[in-house]
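K.L.:
Input my_file35.cif, format and content: mmCIF, C-alpha atoms.
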data_start
loop_
_atom_site.label_atom_id
_atom_site.label_comp_id
_atom_site.auth_asym_id
_atom_site.auth_seq_id
_atom_site.Cartn_x
_atom_site.Cartn_y
_atom_site.Cartn_z
CA THR A 1 -30.53 -22.76 55.58
CA TRP A 2 -33.88 -23.86 54.24
CA GLU A 3 -35.62 -24.81 51.02
CA ARG A 4 -39.23 -24.78 49.89
CA GLN A 5 -40.84 -26.28 46.81
CA ARG A 6 -44.49 -26.43 45.92
CA ALA A 7 -45.56 -30.04 46.12
CA ALA A 8 -47.83 -31.48 43.45
CA GLY A 9 -51.41 -30.62 44.30
CA GLU A 10 -50.43 -28.30 47.14
CA GLU A 11 -52.65 -25.25 47.27
CA GLY A 12 -52.83 -22.09 49.23
CA GLU A 13 -50.09 -20.07 50.78
CA VAL A 14 -47.28 -20.12 53.26
CA ARG A 15 -47.35 -17.72 56.21
CA ILE A 16 -44.05 -16.43 57.58
CA LEU A 17 -44.17 -15.16 61.15
CA PRO A 18 -41.74 -12.58 62.57
CA ASP A 19 -38.70 -14.08 64.29
CA GLY A 20 -36.21 -11.25 64.78
CA CYS A 21 -34.03 -12.49 61.91
CA ALA A 22 -33.23 -11.46 58.37
CA ASP A 23 -32.89 -13.93 55.50
CA LEU A 24 -31.27 -14.08 52.11
CA VAL A 25 -33.91 -15.64 49.88
CA TRP A 26 -33.78 -16.85 46.32
CA SER A 27 -37.12 -17.72 44.79
CA SER A 28 -38.22 -18.72 41.32
CA ARG A 29 -40.62 -15.78 41.23
CA GLY A 30 -38.63 -13.02 42.93
CA GLY A 31 -34.93 -13.66 42.39
CA LEU A 32 -32.44 -13.01 45.18
CA VAL A 33 -33.64 -10.69 47.95
CA VAL A 34 -32.93 -9.75 51.54
CA ALA A 35 -36.00 -10.39 53.65
CA GLY A 36 -35.65 -7.79 56.37
CA PRO A 37 -36.90 -8.23 59.91
CA ASP A 38 -40.68 -8.42 59.89
CA THR A 39 -43.00 -6.81 62.40
CA GLY A 40 -46.01 -8.85 61.30
CA PRO A 41 -46.85 -11.98 59.30
CA VAL A 42 -46.07 -12.16 55.59
CA VAL A 43 -48.12 -14.38 53.29
CA TYR A 44 -46.72 -15.89 50.10
CA PRO A 45 -49.03 -17.63 47.60
CA LEU A 46 -47.78 -21.04 46.51
CA GLU A 47 -47.81 -20.88 42.73
CA PRO A 48 -47.26 -23.90 40.50
CA GLY A 49 -43.52 -24.51 40.15
CA TYR A 50 -42.61 -22.25 43.06
CA GLU A 51 -39.17 -22.95 44.53
CA ALA A 52 -37.20 -21.08 47.16
CA ALA A 53 -33.91 -21.43 49.00
CA GLY A 54 -32.85 -19.28 51.91
CA LEU A 55 -30.23 -18.58 54.49
CA ARG A 56 -31.25 -17.21 57.87
CA LEU A 57 -28.94 -14.58 59.35
CA ARG A 58 -28.76 -14.91 63.12
CA THR A 59 -30.49 -12.33 65.29
CA GLY A 60 -28.02 -9.55 66.04
CA ALA A 61 -25.47 -10.47 63.36
CA ALA A 62 -27.37 -9.71 60.14
CA ALA A 63 -26.57 -5.98 60.10
CA GLU A 64 -22.85 -6.71 60.12
CA VAL A 65 -23.12 -9.36 57.40
CA LEU A 66 -25.28 -7.15 55.19
CA GLY A 67 -23.34 -3.96 55.91
CA LEU A 68 -26.24 -1.67 56.85
CA PRO A 69 -28.60 -1.01 59.76
CA LEU A 70 -31.45 -3.53 59.74
CA ALA A 71 -33.99 -0.77 60.47
CA GLU A 72 -33.51 0.20 56.79
CA LEU A 73 -34.83 -3.24 55.78
CA ARG A 74 -37.68 -3.55 58.31
CA ASP A 75 -40.72 -5.18 56.65
CA LEU A 76 -39.03 -5.06 53.22
CA ARG A 77 -37.91 -7.51 50.55
CA ALA A 78 -35.01 -5.70 48.90
CA PRO A 79 -33.01 -7.03 45.95
CA LEU A 80 -29.67 -8.22 47.30
CA GLU A 81 -28.02 -6.32 44.47
CA ASP A 82 -29.23 -3.06 46.07
CA VAL A 83 -27.48 -4.05 49.31
CA TRP A 84 -24.28 -5.77 48.09
CA GLY A 85 -23.89 -4.36 44.59
CA GLY A 86 -23.35 -6.06 41.23
CA ASP A 87 -21.85 -9.30 42.55
CA ALA A 88 -25.25 -10.18 44.00
CA ALA A 89 -26.84 -10.11 40.54
CA LEU A 90 -24.32 -12.70 39.37
CA LEU A 91 -25.00 -14.78 42.47
CA GLY A 92 -28.74 -14.68 41.74
CA GLU A 93 -28.13 -15.91 38.20
CA ARG A 94 -25.89 -18.73 39.43
CA ILE A 95 -28.48 -19.84 41.99
CA ALA A 96 -31.29 -19.71 39.42
CA SER A 97 -29.38 -22.00 37.05
CA ALA A 98 -28.04 -24.33 39.76
CA PRO A 99 -29.61 -27.69 40.51
CA ARG A 100 -31.84 -27.67 43.58
CA GLY A 101 -29.26 -29.35 45.84
CA GLU A 102 -26.57 -26.74 45.13
CA ARG A 103 -28.52 -23.53 45.82
CA LEU A 104 -27.93 -23.56 49.55
CA GLN A 105 -24.21 -24.15 49.04
CA LEU A 106 -24.01 -21.10 46.78
CA LEU A 107 -25.75 -18.95 49.39
CA GLU A 108 -23.42 -20.23 52.12
CA GLN A 109 -20.34 -19.57 49.98
CA ALA A 110 -21.49 -16.00 49.33
CA VAL A 111 -22.07 -15.25 53.02
CA ARG A 112 -19.10 -17.08 54.55
CA PRO A 113 -16.43 -14.42 53.72
CA ARG A 114 -18.66 -11.72 55.19
CA THR A 115 -19.05 -13.58 58.49
CA ARG A 116 -15.33 -13.82 59.26
CA GLU A 117 -15.13 -10.25 60.46
CA VAL A 118 -18.59 -9.89 62.00
CA ARG A 119 -18.45 -7.88 65.19
CA ALA A 120 -22.03 -8.11 66.38
CA ASP A 121 -23.04 -5.67 69.09
CA SER A 122 -22.14 -7.50 72.30
CA LEU A 123 -24.65 -5.52 74.38
CA VAL A 124 -27.50 -6.46 72.03
CA LEU A 125 -26.39 -10.09 72.07
CA ALA A 126 -26.22 -10.03 75.88
CA SER A 127 -29.80 -8.76 76.03
CA LEU A 128 -31.29 -11.50 73.82
CA PRO A 129 -31.52 -14.19 76.53
CA LEU A 130 -33.23 -11.65 78.79
CA LEU A 131 -36.07 -11.03 76.31
CA GLY A 132 -39.14 -13.08 75.52
CA GLY A 133 -40.00 -14.04 79.06
CA ARG A 134 -43.11 -13.29 81.04
CA GLY A 135 -43.14 -9.74 82.39
CA THR A 136 -39.99 -8.56 80.65
CA ASN A 137 -39.46 -4.88 81.34
CA VAL A 138 -37.27 -2.80 79.04
CA ALA A 139 -36.47 -0.30 81.80
CA GLU A 140 -35.24 -3.16 84.02
CA LEU A 141 -33.26 -4.58 81.07
CA CYS A 142 -31.57 -1.20 80.63
CA ARG A 143 -30.68 -1.06 84.33
CA THR A 144 -29.23 -4.58 84.13
CA LEU A 145 -27.15 -3.65 81.08
CA ALA A 146 -26.24 -0.17 82.42
CA ILE A 147 -27.46 1.67 79.34
CA SER A 148 -30.19 4.25 78.69
CA GLU A 149 -33.39 3.17 76.94
CA ARG A 150 -32.67 5.57 74.08
CA ALA A 151 -29.16 4.21 73.53
CA LEU A 152 -30.41 0.61 73.66
CA ARG A 153 -33.14 1.44 71.15
CA ARG A 154 -30.55 2.92 68.73
CA ARG A 155 -28.38 -0.20 69.03
CA PHE A 156 -31.39 -2.48 68.53
CA ASP A 157 -32.55 -0.53 65.47
CA ARG A 158 -29.14 -1.09 63.89
CA ALA A 159 -28.61 -4.72 64.90
CA ILE A 160 -32.16 -6.13 64.99
CA GLY A 161 -34.27 -3.71 62.95
CA TYR A 162 -36.62 -2.64 65.73
CA GLY A 163 -36.56 -1.88 69.42
CA PRO A 164 -36.17 -4.26 72.35
CA LYS A 165 -39.87 -4.15 73.30
CA LYS A 166 -40.94 -5.19 69.78
CA LEU A 167 -38.42 -8.04 69.78
CA ASP A 168 -39.61 -9.05 73.25
CA ARG A 169 -43.20 -9.31 71.96
CA ILE A 170 -42.12 -11.32 68.93
CA LEU A 171 -40.06 -13.74 71.02
CA ARG A 172 -42.90 -14.17 73.52
CA PHE A 173 -45.36 -14.89 70.72
CA ARG A 174 -43.01 -17.45 69.15
CA ARG A 175 -42.51 -19.11 72.52
CA PHE A 176 -46.30 -19.28 72.94
CA LEU A 177 -46.64 -20.97 69.54
#
Let's see the structure in the file written out as structure tokens.

P.N.:
Amino acid sequence: TWERQRAAGEEGEVRILPDGCADLVWSSRGGLVVAGPDTGPVVYPLEPGYEAAGLRLRTGAAAEVLGLPLAELRDLRAPLEDVWGGDAALLGERIASAPRGERLQLLEQAVRPRTREVRADSLVLASLPLLGGRGTNVAELCRTLAISERALRRRFDRAIGYGPKKLDRILRFRRFL
């Protein structure tokens, strides 16, 4: 979980870099949204009074928690109500009216029941430690995992939001940083 508040006198913007994850984000300017997996940086201006609280969904598990393939959310900020239905609108209202210290608890309480039955794709999870290194080769990864490149791509699109090569590049870049 994380929180962000514009400090007095703070100017500019915050830049979010891709990380292979999806987040549930409540913000004072945008309400409650699902931040899908990004393929490039996203810049948010820091407006006076800006506040945000978020919950990061682990790489590979977000699709199961959200109940849809992450490729449908790639590079998007979708209202959580569009993903989970009407209960999410009520959750957004509760978070908006909650004191700052309670927002993260409300997000955690909303997600916890959905994580009990998460069955993340074990093949995708097994591939994660093999990505992000120097000279990673998707064809070699597929041979190691005994799966075709096309089948692995389909599983990655569902679980991660993009293919293994894109995730490999993102993880390598983050390691470089």

K.L.:
Please, which residues in segment 56-79 of chain A fall within 8 Å of segment 12-35 of chain A when counting all atoms listed in the file, and what is the closest atom pair and distance in Å to one decimal for each, ordered by chain then residue number, as a tab-separated table?

P.N.:
residue	atom	partner	partner_atom	distance
A:Arg56	CA	A:Asp23	CA	4.4
A:Leu57	CA	A:Ala22	CA	5.4
A:Arg58	CA	A:Cys21	CA	5.9
A:Thr59	CA	A:Cys21	CA	4.9
A:Gly60	CA	A:Cys21	CA	7.9
A:Ala62	CA	A:Ala22	CA	6.4
A:Leu73	CA	A:Ala35	CA	7.6
A:Asp75	CA	A:Ala35	CA	7.6
A:Leu76	CA	A:Ala35	CA	6.1
A:Arg77	CA	A:Ala35	CA	4.6
A:Ala78	CA	A:Val33	CA	5.3
A:Pro79	CA	A:Val33	CA	4.2

K.L.:
Counting all atoms listed in the file, note down every residue that has an atom within 9 Å of the point (-28.1, -13.1, 70.3) (file coordinates), as a list in words.

P.N.:
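Checking each residue against the 9 Å limit leaves Arg58, Thr59, Gly60, Ala61, Ala120, Ser122, Val124, Leu125, Ala126, Ser127, Leu128 and Pro129 of chain A.
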
K.L.:
Which is closest to Pro41 of chain A among A:Leu70, A:Ile160, A:Arg153, A:Phe173, if we use only C-alpha atoms?

P.N.:
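Residue with the minimum atom-to-atom distance to Pro41 of chain A: A:Phe173.
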
K.L.:
Using all atoms listed in the file, what residues lie at most 10 Å away from (-28.5, 0.1, 77.0) (file coordinates), given as an MDAnalysis selection string?

P.N.:
chainID A and resid 123:124 127 138:139 141:156 164

K.L.:
Just C-alpha atoms for this one: save the residues we selected as a PDB file, in the frame of the given file.

P.N.:
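Listed below is the output, again.pdb:
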ATOM      1  CA  LEU A 123     -24.650  -5.520  74.380  1.00  0.00           C
ATOM      2  CA  VAL A 124     -27.500  -6.460  72.030  1.00  0.00           C
ATOM      3  CA  SER A 127     -29.800  -8.760  76.030  1.00  0.00           C
ATOM      4  CA  VAL A 138     -37.270  -2.800  79.040  1.00  0.00           C
ATOM      5  CA  ALA A 139     -36.470  -0.300  81.800  1.00  0.00           C
ATOM      6  CA  LEU A 141     -33.260  -4.580  81.070  1.00  0.00           C
ATOM      7  CA  CYS A 142     -31.570  -1.200  80.630  1.00  0.00           C
ATOM      8  CA  ARG A 143     -30.680  -1.060  84.330  1.00  0.00           C
ATOM      9  CA  THR A 144     -29.230  -4.580  84.130  1.00  0.00           C
ATOM     10  CA  LEU A 145     -27.150  -3.650  81.080  1.00  0.00           C
ATOM     11  CA  ALA A 146     -26.240  -0.170  82.420  1.00  0.00           C
ATOM     12  CA  ILE A 147     -27.460   1.670  79.340  1.00  0.00           C
ATOM     13  CA  SER A 148     -30.190   4.250  78.690  1.00  0.00           C
ATOM     14  CA  GLU A 149     -33.390   3.170  76.940  1.00  0.00           C
ATOM     15  CA  ARG A 150     -32.670   5.570  74.080  1.00  0.00           C
ATOM     16  CA  ALA A 151     -29.160   4.210  73.530  1.00  0.00           C
ATOM     17  CA  LEU A 152     -30.410   0.610  73.660  1.00  0.00           C
ATOM     18  CA  ARG A 153     -33.140   1.440  71.150  1.00  0.00           C
ATOM     19  CA  ARG A 154     -30.550   2.920  68.730  1.00  0.00           C
ATOM     20  CA  ARG A 155     -28.380  -0.200  69.030  1.00  0.00           C
ATOM     21  CA  PHE A 156     -31.390  -2.480  68.530  1.00  0.00           C
ATOM     22  CA  PRO A 164     -36.170  -4.260  72.350  1.00  0.00           C
TER      23      PRO A 164
END

K.L.:
Please report the interatomic distance between atom CA of Glu108 of chain A and atom CA of Arg74 of chain A in Å with one decimal.

P.N.:
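It comes out at 22.8 Å.
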
K.L.:
Let me make sure I understand: among A:Asp168, A:Glu47, A:Glu64, A:Glu3, which one has the smallest atom-to-atom distance to Leu131 of chain A if we use all atoms listed in the file?

P.N.:
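Checking each of A:Asp168, A:Glu47, A:Glu64, A:Glu3 against Leu131 of chain A, counting all atoms listed in the file, the winner is A:Asp168.
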
K.L.:
So how many Å separate atom CA of Asp38 of chain A and atom CA of Glu72 of chain A, to one decimal?

P.N.:
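If I compute the distance from atom CA of Asp38 of chain A to atom CA of Glu72 of chain A, I get 11.6 Å.
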
K.L.:
Find the residue from A:Ala89, A:Leu107, A:Ala159, A:Ile170 that sits nearest to Arg119 of chain A; use all atoms listed in the file when measuring.

P.N.:
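Going through A:Ala89, A:Leu107, A:Ala159, A:Ile170 one by one, the smallest distance to Arg119 of chain A is for A:Ala159.
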
K.L.:
Using all atoms listed in the file, find the one residue out of A:Leu167, A:Val65, A:Ala88, A:Ala7 that sits nearest to Arg114 of chain A.

P.N.:
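Ranked by minimum distance to Arg114 of chain A, first place goes to A:Val65.
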
K.L.:
With all atoms listed in the file as the basis for distance, which of A:Val83, A:Leu90, A:Leu66, A:Ala98 is at the shortest distance from Val111 of chain A?

P.N.:
A:Leu66

K.L.:
From the options A:Leu46, A:Gly163, A:Leu55, A:Gly85, which residue's atoms come nearest to Leu106 of chain A, counting all atoms listed in the file?

P.N.:
A:Leu55

K.L.:
Separation of atom CA of Leu177 of chain A and atom CA of Ala71 of chain A, in Å?

P.N.:
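So the answer is 25.5 Å.
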